[in-house]
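Asker: So here's query.csv, just CSV, C-alpha atoms and all ligand atoms:
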chain,number,residue,atom,x,y,z
A,23,ASP,CA,183.2,88.3,15.0
A,24,VAL,CA,182.0,88.0,11.4
A,25,VAL,CA,179.8,85.6,9.4
A,26,VAL,CA,179.8,85.9,5.6
A,27,VAL,CA,176.8,84.6,3.7
A,28,GLY,CA,177.8,84.4,0.1
A,29,SER,CA,179.4,82.9,-3.0
A,30,VAL,CA,182.4,80.6,-3.3
A,31,ASN,CA,183.8,80.3,-6.9
A,32,ALA,CA,186.8,79.0,-8.7
A,33,ASP,CA,188.2,81.8,-10.9
A,34,LEU,CA,189.5,80.3,-14.2
A,35,VAL,CA,191.7,82.9,-15.8
A,36,VAL,CA,193.1,82.9,-19.4
A,37,GLY,CA,195.1,85.7,-21.0
A,38,VAL,CA,194.1,86.5,-24.6
A,39,ASP,CA,195.4,88.9,-27.3
A,40,ARG,CA,191.8,89.4,-28.3
A,41,ARG,CA,188.4,87.8,-27.5
A,42,PRO,CA,186.8,85.4,-30.0
A,43,GLY,CA,183.7,86.5,-31.9
A,44,PRO,CA,180.7,84.1,-32.4
A,45,GLY,CA,181.9,80.9,-34.1
A,46,GLU,CA,185.6,81.8,-33.7
A,47,THR,CA,188.4,80.2,-31.7
A,48,VAL,CA,191.5,81.9,-30.4
A,49,LEU,CA,194.4,80.5,-28.4
A,50,GLY,CA,195.1,81.8,-24.9
A,51,SER,CA,197.7,81.5,-22.2
A,52,ASP,CA,198.0,78.7,-19.7
A,53,LEU,CA,194.9,78.4,-17.5
A,54,ALA,CA,195.3,79.7,-13.9
A,55,THR,CA,192.8,78.5,-11.3
A,56,HIS,CA,192.3,80.7,-8.2
A,57,PRO,CA,189.9,80.5,-5.3
A,58,GLY,CA,187.4,83.4,-5.6
A,59,GLY,CA,183.8,84.4,-5.2
A,60,LYS,CA,182.8,87.5,-3.4
A,61,GLY,CA,181.7,85.7,-0.3
A,62,ALA,CA,184.8,83.5,0.0
A,63,ASN,CA,187.1,86.5,-0.7
A,64,GLN,CA,185.5,88.4,2.1
A,65,ALA,CA,185.7,85.5,4.5
A,66,VAL,CA,189.4,84.9,3.7
A,67,ALA,CA,190.3,88.6,3.9
A,68,ALA,CA,188.7,88.9,7.3
A,69,ALA,CA,190.2,85.7,8.7
A,70,ARG,CA,193.7,86.8,7.4
A,71,LEU,CA,193.3,90.0,9.3
A,72,GLY,CA,192.8,87.9,12.5
A,73,GLY,CA,189.0,87.8,12.7
A,74,ARG,CA,187.0,84.8,13.9
A,75,VAL,CA,185.1,84.2,10.7
A,76,GLY,CA,182.5,81.7,9.5
A,77,ILE,CA,181.0,81.3,6.1
A,78,LEU,CA,177.5,80.1,5.0
A,79,GLY,CA,177.7,78.9,1.4
A,80,ARG,CA,177.7,76.0,-1.0
A,81,VAL,CA,180.4,74.4,-3.2
A,82,GLY,CA,180.0,71.4,-5.6
A,83,ASP,CA,181.3,67.9,-5.2
A,84,ASP,CA,183.9,68.5,-7.9
A,85,GLY,CA,187.6,69.2,-7.8
A,86,HIS,CA,187.0,72.9,-7.6
A,87,GLY,CA,184.9,72.4,-4.5
A,88,ALA,CA,187.8,70.6,-2.8
A,89,LEU,CA,190.2,73.4,-3.8
A,90,LEU,CA,187.8,76.1,-2.5
A,91,ARG,CA,187.2,74.3,0.8
A,92,THR,CA,191.0,74.0,1.3
A,93,ALA,CA,191.6,77.7,0.6
A,94,LEU,CA,189.0,78.8,3.1
A,95,GLY,CA,190.2,76.3,5.7
A,96,GLU,CA,193.9,77.4,5.3
A,97,ALA,CA,192.8,81.0,6.0
A,98,GLY,CA,191.2,79.8,9.2
A,99,VAL,CA,187.6,80.3,8.2
A,100,ASP,CA,185.0,78.1,10.1
A,101,LEU,CA,183.7,75.6,7.5
A,102,GLY,CA,180.9,74.2,9.6
A,103,HIS,CA,178.3,75.7,7.3
A,104,LEU,CA,180.2,75.4,4.0
A,105,LEU,CA,177.8,72.8,2.4
A,106,THR,CA,178.4,70.5,-0.5
A,107,THR,CA,175.9,70.2,-3.3
A,108,PRO,CA,176.1,67.3,-5.9
A,109,GLY,CA,177.1,68.9,-9.2
A,110,PRO,CA,179.5,71.7,-10.2
A,111,SER,CA,180.9,74.4,-8.0
A,112,GLY,CA,180.5,78.0,-9.0
A,113,VAL,CA,183.1,79.2,-11.5
A,114,ALA,CA,184.0,82.5,-13.0
A,115,LEU,CA,185.3,82.2,-16.5
A,116,ILE,CA,187.7,85.2,-16.9
A,117,THR,CA,189.6,86.4,-20.0
A,118,VAL,CA,192.2,89.0,-19.5
A,119,GLY,CA,193.0,91.2,-22.5
A,120,PRO,CA,196.4,92.8,-23.3
A,121,ASP,CA,195.4,96.0,-21.3
A,122,GLY,CA,194.6,93.9,-18.2
A,123,ASP,CA,190.8,94.4,-18.9
A,124,ASN,CA,188.7,91.5,-17.6
A,125,SER,CA,185.7,89.9,-19.3
A,126,ILE,CA,183.9,87.6,-16.9
A,127,ILE,CA,181.1,85.0,-17.1
A,128,VAL,CA,179.9,83.6,-13.8
A,129,SER,CA,178.3,80.2,-13.7
A,130,PRO,CA,176.8,80.1,-10.2
A,131,GLY,CA,176.7,76.3,-9.9
A,132,ALA,CA,176.3,75.3,-6.2
A,133,ASN,CA,175.9,78.9,-5.1
A,134,ALA,CA,172.5,78.9,-6.7
A,135,ARG,CA,171.4,76.1,-4.4
A,136,LEU,CA,171.8,78.0,-1.2
A,137,THR,CA,168.4,78.1,0.5
A,138,PRO,CA,166.5,79.6,3.4
A,139,ALA,CA,166.6,76.0,4.9
A,140,ASP,CA,170.4,76.3,4.9
A,141,VAL,CA,170.1,79.6,6.7
A,142,ALA,CA,167.8,78.0,9.3
A,143,ALA,CA,170.3,75.3,9.9
A,144,ALA,CA,173.0,78.0,10.4
A,145,ARG,CA,170.9,80.1,12.7
A,146,GLU,CA,173.1,79.6,15.7
A,147,MET,CA,176.3,80.7,13.9
A,148,ILE,CA,174.5,83.7,12.4
A,149,ALA,CA,173.0,84.7,15.8
A,150,ALA,CA,176.5,84.6,17.4
A,151,ALA,CA,178.1,87.0,14.9
A,152,SER,CA,178.4,90.7,15.6
A,153,VAL,CA,178.4,91.5,11.9
A,154,VAL,CA,176.9,89.4,9.1
A,155,SER,CA,178.1,90.3,5.6
A,156,PHE,CA,176.2,89.7,2.4
A,157,GLN,CA,176.6,90.1,-1.4
A,158,LEU,CA,174.3,89.2,-4.2
A,159,GLU,CA,176.0,86.1,-5.8
A,160,VAL,CA,173.7,83.7,-3.9
A,161,PRO,CA,169.8,83.6,-4.1
A,162,LEU,CA,168.0,86.6,-2.7
A,163,ASP,CA,165.6,84.5,-0.6
A,164,ALA,CA,168.6,83.1,1.3
A,165,VAL,CA,170.1,86.5,1.7
A,166,LEU,CA,166.8,87.9,3.0
A,167,ALA,CA,166.3,85.0,5.5
A,168,ALA,CA,169.8,85.4,6.8
A,169,ALA,CA,169.7,89.2,7.1
A,170,ARG,CA,166.4,88.9,9.1
A,171,ALA,CA,168.0,86.2,11.3
A,172,ALA,CA,171.0,88.4,11.9
A,173,ALA,CA,169.0,91.5,12.7
A,174,ASP,CA,166.6,89.6,15.0
A,175,ALA,CA,169.6,88.4,17.0
A,176,GLY,CA,171.0,91.9,17.3
A,177,GLY,CA,173.7,91.5,14.7
A,178,ARG,CA,174.8,94.2,12.3
A,179,VAL,CA,173.9,93.6,8.6
A,180,VAL,CA,176.4,94.8,5.9
A,181,LEU,CA,175.3,94.4,2.3
A,182,ASN,CA,177.5,94.7,-0.8
A,183,LEU,CA,175.1,95.3,-3.7
A,184,SER,CA,177.2,93.3,-6.0
A,185,PRO,CA,176.5,92.3,-8.7
A,186,PRO,CA,173.8,95.0,-8.8
A,187,ALA,CA,170.3,93.7,-8.6
A,188,PRO,CA,167.0,95.0,-7.3
A,189,VAL,CA,166.4,94.2,-3.6
A,190,PRO,CA,163.4,94.7,-1.4
A,191,ASP,CA,163.1,97.8,0.7
A,192,ASP,CA,162.9,95.8,3.9
A,193,LEU,CA,166.4,94.4,3.1
A,194,LEU,CA,167.8,97.9,2.5
A,195,ALA,CA,166.3,99.0,5.8
A,196,LEU,CA,168.5,96.5,7.6
A,197,CYS,CA,171.8,97.7,6.0
A,198,ASP,CA,174.2,99.4,8.4
A,199,PRO,CA,176.0,100.1,6.1
A,200,LEU,CA,175.1,99.3,2.5
A,201,VAL,CA,178.5,99.1,0.6
A,202,VAL,CA,178.5,100.0,-3.1
A,203,ASN,CA,180.9,101.2,-5.7
A,204,GLU,CA,179.8,104.1,-8.0
A,205,HIS,CA,178.2,101.7,-10.6
A,206,GLU,CA,176.2,99.9,-7.9
A,207,ALA,CA,175.1,103.3,-6.3
A,208,ALA,CA,174.0,104.5,-9.7
A,209,PHE,CA,172.0,101.3,-10.3
A,210,LEU,CA,170.2,101.6,-7.0
A,211,LEU,CA,169.5,105.3,-7.4
A,212,GLY,CA,168.2,105.0,-11.0
A,213,GLU,CA,166.9,108.3,-12.1
A,214,ARG,CA,168.0,110.0,-8.9
A,215,SER,CA,171.6,109.1,-9.7
A,216,THR,CA,174.1,112.0,-10.3
A,217,ASP,CA,177.8,112.4,-11.3
A,218,ASP,CA,178.5,113.8,-7.8
A,219,PRO,CA,179.6,110.9,-5.5
A,220,GLU,CA,178.9,112.9,-2.4
A,221,ALA,CA,175.3,113.6,-3.5
A,222,MET,CA,174.9,109.9,-4.4
A,223,ALA,CA,176.1,108.8,-0.9
A,224,GLY,CA,173.6,111.1,0.7
A,225,ALA,CA,170.8,110.0,-1.7
A,226,LEU,CA,171.4,106.4,-0.7
A,227,LEU,CA,170.2,107.2,2.8
A,228,GLY,CA,167.0,108.3,1.1
A,229,ARG,CA,166.6,104.7,0.0
A,230,GLY,CA,166.1,103.8,3.6
A,231,VAL,CA,169.5,102.3,4.5
A,232,ARG,CA,170.8,103.2,8.0
A,233,SER,CA,174.2,104.1,6.6
A,234,ALA,CA,176.1,103.8,3.3
A,235,VAL,CA,179.7,103.5,2.1
A,236,VAL,CA,180.5,104.3,-1.5
A,237,THR,CA,183.9,103.0,-2.6
A,238,LEU,CA,185.7,105.2,-5.2
A,239,GLY,CA,188.7,103.0,-6.3
A,240,ALA,CA,192.0,104.9,-6.0
A,241,ALA,CA,190.1,107.9,-4.5
A,242,GLY,CA,189.0,105.9,-1.4
A,243,ALA,CA,185.5,105.9,0.0
A,244,LEU,CA,182.6,108.1,1.2
A,245,VAL,CA,180.9,107.3,4.5
A,246,ALA,CA,177.3,108.6,4.8
A,247,GLY,CA,175.3,108.4,8.0
A,248,LEU,CA,173.1,110.5,10.3
A,249,ALA,CA,176.0,112.9,10.9
A,250,GLY,CA,176.5,113.6,7.2
A,251,THR,CA,178.9,112.4,4.6
A,252,THR,CA,182.7,112.1,5.2
A,253,ALA,CA,185.4,111.5,2.6
A,254,VAL,CA,188.0,108.8,3.5
A,255,PRO,CA,190.9,109.0,1.1
A,256,SER,CA,192.8,105.9,0.1
A,257,PRO,CA,196.6,105.6,0.4
A,258,LYS,CA,198.4,106.1,-2.9
A,259,VAL,CA,199.8,102.8,-4.1
A,260,GLU,CA,200.9,101.4,-7.5
A,261,ALA,CA,197.9,99.4,-8.6
A,262,VAL,CA,198.9,96.0,-10.1
A,263,ASP,CA,195.6,94.2,-10.0
A,264,THR,CA,192.4,95.6,-8.4
A,265,THR,CA,190.6,92.2,-8.5
A,266,GLY,CA,189.0,91.6,-5.1
A,267,ALA,CA,189.9,95.0,-3.7
A,268,GLY,CA,186.3,95.8,-2.9
A,269,ASP,CA,186.0,92.4,-1.1
A,270,ALA,CA,189.1,93.2,1.0
A,271,PHE,CA,187.7,96.6,1.8
A,272,THR,CA,184.3,95.2,2.9
A,273,ALA,CA,185.9,92.4,5.0
A,274,ALA,CA,188.2,94.9,6.8
A,275,LEU,CA,185.2,97.2,7.4
A,276,CYS,CA,183.1,94.3,8.9
A,277,LEU,CA,185.9,93.1,11.1
A,278,ARG,CA,186.5,96.6,12.6
A,279,LEU,CA,182.8,97.2,13.1
A,280,ALA,CA,182.6,93.8,14.9
A,281,ARG,CA,185.4,95.0,17.2
A,282,GLY,CA,183.5,98.2,18.1
A,283,ASP,CA,184.9,100.8,15.7
A,284,THR,CA,182.7,103.6,14.4
A,285,LEU,CA,181.8,103.3,10.8
A,286,GLU,CA,184.2,106.2,9.9
A,287,ASP,CA,187.1,104.7,11.8
A,288,ALA,CA,186.4,101.3,10.3
A,289,ALA,CA,186.4,102.9,6.8
A,290,ARG,CA,189.7,104.6,7.5
A,291,HIS,CA,191.2,101.1,8.1
A,292,ALA,CA,189.4,99.5,5.2
A,293,VAL,CA,190.8,101.8,2.6
A,294,ARG,CA,194.3,100.8,3.7
A,295,VAL,CA,193.4,97.1,3.4
A,296,GLY,CA,191.8,97.7,0.0
A,297,ALA,CA,194.9,99.6,-1.2
A,298,ALA,CA,197.1,96.8,0.1
A,299,ALA,CA,195.1,94.3,-2.0
A,300,VAL,CA,195.7,96.1,-5.3
A,301,ARG,CA,199.5,96.0,-5.0
A,302,SER,CA,199.9,92.4,-6.1
A,303,PRO,CA,198.1,90.1,-8.6
A,304,GLY,CA,195.1,88.0,-7.7
A,305,ALA,CA,192.3,88.4,-5.2
A,306,GLN,CA,192.8,86.2,-2.1
A,307,SER,CA,196.6,85.9,-2.7
A,308,SER,CA,197.0,89.7,-2.4
A,309,TYR,CA,195.2,90.0,1.0
A,310,PRO,CA,197.3,91.3,3.9
A,311,ALA,CA,197.7,89.4,7.2
A,312,ALA,CA,197.3,90.8,10.7
A,313,GLY,CA,200.5,92.6,11.6
A,314,ASP,CA,201.5,93.3,8.0
A,315,ASP,CA,202.5,96.9,7.3
A,316,LEU,CA,199.6,98.6,5.5
A,317,PRO,CA,200.0,101.5,3.2
A,318,THR,CA,199.3,104.9,4.7
B,1,LIG,P1,185.2,97.5,-6.4
B,1,LIG,O1,186.3,96.6,-6.6
B,1,LIG,O2,184.1,96.9,-5.6
B,1,LIG,O3,184.7,98.3,-7.6
B,1,LIG,P2,186.7,99.8,-5.6
B,1,LIG,O4,187.4,99.8,-6.9
B,1,LIG,O5,186.0,101.1,-5.2
B,1,LIG,O6,185.7,98.6,-5.3
B,1,LIG,O7,187.9,99.6,-4.5
B,1,LIG,C1,187.6,99.3,-3.1
B,1,LIG,C2,188.7,99.9,-2.3
B,1,LIG,O8,190.0,99.4,-2.6
B,1,LIG,C3,188.8,101.4,-2.4
B,1,LIG,O9,188.0,102.1,-1.5
B,1,LIG,C4,190.3,101.6,-2.1
B,1,LIG,O10,190.5,101.6,-0.7
B,1,LIG,C5,191.0,100.4,-2.6
B,1,LIG,N1,191.5,100.6,-4.0
B,1,LIG,C6,190.9,100.2,-5.2
B,1,LIG,N2,191.6,100.6,-6.2
B,1,LIG,C7,192.7,101.3,-5.7
B,1,LIG,C8,193.8,102.0,-6.3
B,1,LIG,N3,194.0,102.0,-7.6
B,1,LIG,N4,194.7,102.6,-5.4
B,1,LIG,C9,194.5,102.6,-4.1
B,1,LIG,N5,193.5,101.9,-3.5
B,1,LIG,C10,192.6,101.3,-4.3
For this file, write the structure as C-alpha cells.
Ligand code: ADP

Answerer:
Amino acid sequence: DVVVVGSVNADLVVGVDRRPGPGETVLGSDLATHPGGKGANQAVAAARLGGRVGILGRVGDDGHGALLRTALGEAGVDLGHLLTTPGPSGVALITVGPDGDNSIIVSPGANARLTPADVAAAREMIAAASVVSFQLEVPLDAVLAAARAAADAGGRVVLNLSPPAPVPDDLLALCDPLVVNEHEAAFLLGERSTDDPEAMAGALLGRGVRSAVVTLGAAGALVAGLAGTTAVPSPKVEAVDTTGAGDAFTAALCLRLARGDTLEDAARHAVRVGAAAVRSPGAQSSYPAAGDDLPT
C-alpha cells in the first residue's frame, strides 16, 4: 500500500526544571529512549492501522539502530530497504520543561547518508506502492530521486514539508497532497503568507502542488484541491502529548489514499487517528491499531 522514504531516529528524552545556559550543568530526570523519526513514525502508524508498509531509510550500526529496527519490525513494517550505515543512528536530543514544552536537537547520523543510489536499489519497492510518503529529515537529493521514481511508476507522492526547508518547484509539482502545519505553510508561502488558514491553504495551490492539506492541531485540517477548500474538524479529546500526531495523521491519510479514498474522506479519517495519538504519551506508543475505537 504505502512506502515511506524518511528518517529513523532514537528519541532521547530528559525532563528538566529549566534548561542550562552556556557553560552550565543542570540535573534532569531518568533518560527515556523511544523509537522516533518522522519517517519511522509514519511507517509504524500506517502498519499499525493494518497497511502493507515498507520503509526506505538508514540506521547506524549502534545499539539505537538495533532498537529502531526492532520497533519497525514489530509493527510489521517491511525492513528490506532499512539499510545499516557504519556509525551512529540518528538521534533527537529532547528536553521537556515543566510545562511540557520540548526543546529538540536532531543529530541526523545515518539518516544523512541516504543516497539516490539507495533509492535506485529500492526502485521495485517504490514502484509497487500506491502512495509514497516523504518528509525532509533525509537528504533532498534522495527525496527528489524517490519522488520521481514513484511518480514515473504511477504512484501518488505525499510530502510533509517537515522540518521546513526550501524544495524545488518540480518536487512541489508532484505533491498530491503536500501536507503542512501552519508554520510550514507560512514558511513555504513567505511574503504571501497570511493569518487566515483557509487563504493559506488556497495559496499553497498557487505554489504548484496538486492538492494541499494544512493541519491545524486541535482544530483539525483544511483540504485544498481543484474543488476548493474544505474544513475537516478534529474530534475533541484531552491532549496529553501531541508528539508524533502529525505523523499519525499523515500515515492514516496515505493509507486511506492507497485504498482509494478521496482526499477529503482520507482527511476525515486522518483527523481521528491524529486525535487518538494525542491522548497518551509518546509518539509510536500512542498510535491506534486497526479495529481500535477512534474518537469521533
Ligand atoms: P504537527 O504535529 O505536524 O504540527 P498538528 O499539531 O496540526 O500537526 O496535528 C496533526 C493532527 O493531529 C491534527 O490535524 C489533528 O487531527 C490531530 N491533533 C493534534 N493536536 C490535537 C488536539 N489537541 N486535539 C485533537 N486533535 C489533535

Asker: Between A:Asp33, A:Glu206, A:Asp192, A:Asp314, which residue has the minimum interatomic distance to Asn124 in chain A, considering all atoms listed in the file?

Answerer: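 Checking each of A:Asp33, A:Glu206, A:Asp192, A:Asp314 against Asn124 in chain A, counting all atoms listed in the file, the winner is A:Asp33.
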
Asker: Quick one: which chain A residues come within 10 Å of ligand LIG 1 (chain B), and what is the nearest atom pair for each with the distance in Å to one decimal, counting only C-alpha atoms and all ligand atoms, rows ordered by chain and ascending number, as a tab-separated table?

Answerer:
residue	atom	partner	partner_atom	distance
A:Lys60	CA	B:LIG1	O2	9.7
A:Asn182	CA	B:LIG1	O2	8.5
A:Leu183	CA	B:LIG1	O2	9.3
A:Ser184	CA	B:LIG1	O2	7.8
A:Pro185	CA	B:LIG1	O2	9.4
A:Val201	CA	B:LIG1	O2	8.6
A:Val202	CA	B:LIG1	O2	6.9
A:Asn203	CA	B:LIG1	O5	5.1
A:Glu204	CA	B:LIG1	O5	7.4
A:His205	CA	B:LIG1	O3	7.9
A:Glu206	CA	B:LIG1	O3	8.7
A:Val235	CA	B:LIG1	O9	9.2
A:Val236	CA	B:LIG1	O5	7.4
A:Thr237	CA	B:LIG1	O5	3.8
A:Leu238	CA	B:LIG1	O5	4.1
A:Gly239	CA	B:LIG1	O5	3.5
A:Ala240	CA	B:LIG1	C8	3.4
A:Ala241	CA	B:LIG1	C4	6.7
A:Gly242	CA	B:LIG1	O9	3.9
A:Ala243	CA	B:LIG1	O9	4.8
A:Leu244	CA	B:LIG1	O9	8.5
A:Val254	CA	B:LIG1	O9	8.4
A:Pro255	CA	B:LIG1	O10	7.6
A:Ser256	CA	B:LIG1	O10	4.9
A:Pro257	CA	B:LIG1	C9	5.8
A:Lys258	CA	B:LIG1	C9	5.4
A:Val259	CA	B:LIG1	N4	5.3
A:Glu260	CA	B:LIG1	N4	6.7
A:Ala261	CA	B:LIG1	N3	4.8
A:Val262	CA	B:LIG1	N3	8.1
A:Asp263	CA	B:LIG1	N3	8.3
A:Thr264	CA	B:LIG1	N2	5.5
A:Thr265	CA	B:LIG1	O1	6.4
A:Gly266	CA	B:LIG1	O1	5.9
A:Ala267	CA	B:LIG1	O8	4.5
A:Gly268	CA	B:LIG1	O2	3.7
A:Asp269	CA	B:LIG1	O2	6.6
A:Ala270	CA	B:LIG1	O8	7.2
A:Phe271	CA	B:LIG1	C2	5.4
A:Thr272	CA	B:LIG1	C1	8.0
A:Ala289	CA	B:LIG1	O9	8.5
A:Arg290	CA	B:LIG1	O10	8.8
A:His291	CA	B:LIG1	O10	8.8
A:Ala292	CA	B:LIG1	O10	6.4
A:Val293	CA	B:LIG1	O10	3.3
A:Arg294	CA	B:LIG1	O10	5.9
A:Val295	CA	B:LIG1	O10	6.7
A:Gly296	CA	B:LIG1	O8	3.6
A:Ala297	CA	B:LIG1	N5	3.5
A:Ala298	CA	B:LIG1	N5	7.2
A:Ala299	CA	B:LIG1	O8	7.2
A:Val300	CA	B:LIG1	C7	6.0
A:Arg301	CA	B:LIG1	N4	8.2
A:Pro317	CA	B:LIG1	C9	9.2

Asker: So which residues are close to (193.7, 82.0, -14.0), meaning at most 8 Å away in the file's coordinates with all atoms listed in the file counted, and can you show them as a PyMOL selection string?

Answerer: chain A and resi 33-36+52-56+116

Asker: Which residues are near Asn133 in chain A? Cut-off 6 Å, all atoms listed in the file, ignore same chain within fewer than 2 positions. Put them as a list in words.

Answerer: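 These residues fall inside the cut-off: Ser29, Arg80, Pro130, Gly131, Arg135, Leu136 and Val160 of chain A.
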
Asker: What is the distance between CA of Val113 in chain A and CA of Ser129 in chain A, in Å to one decimal?

Answerer: 5.4 Å
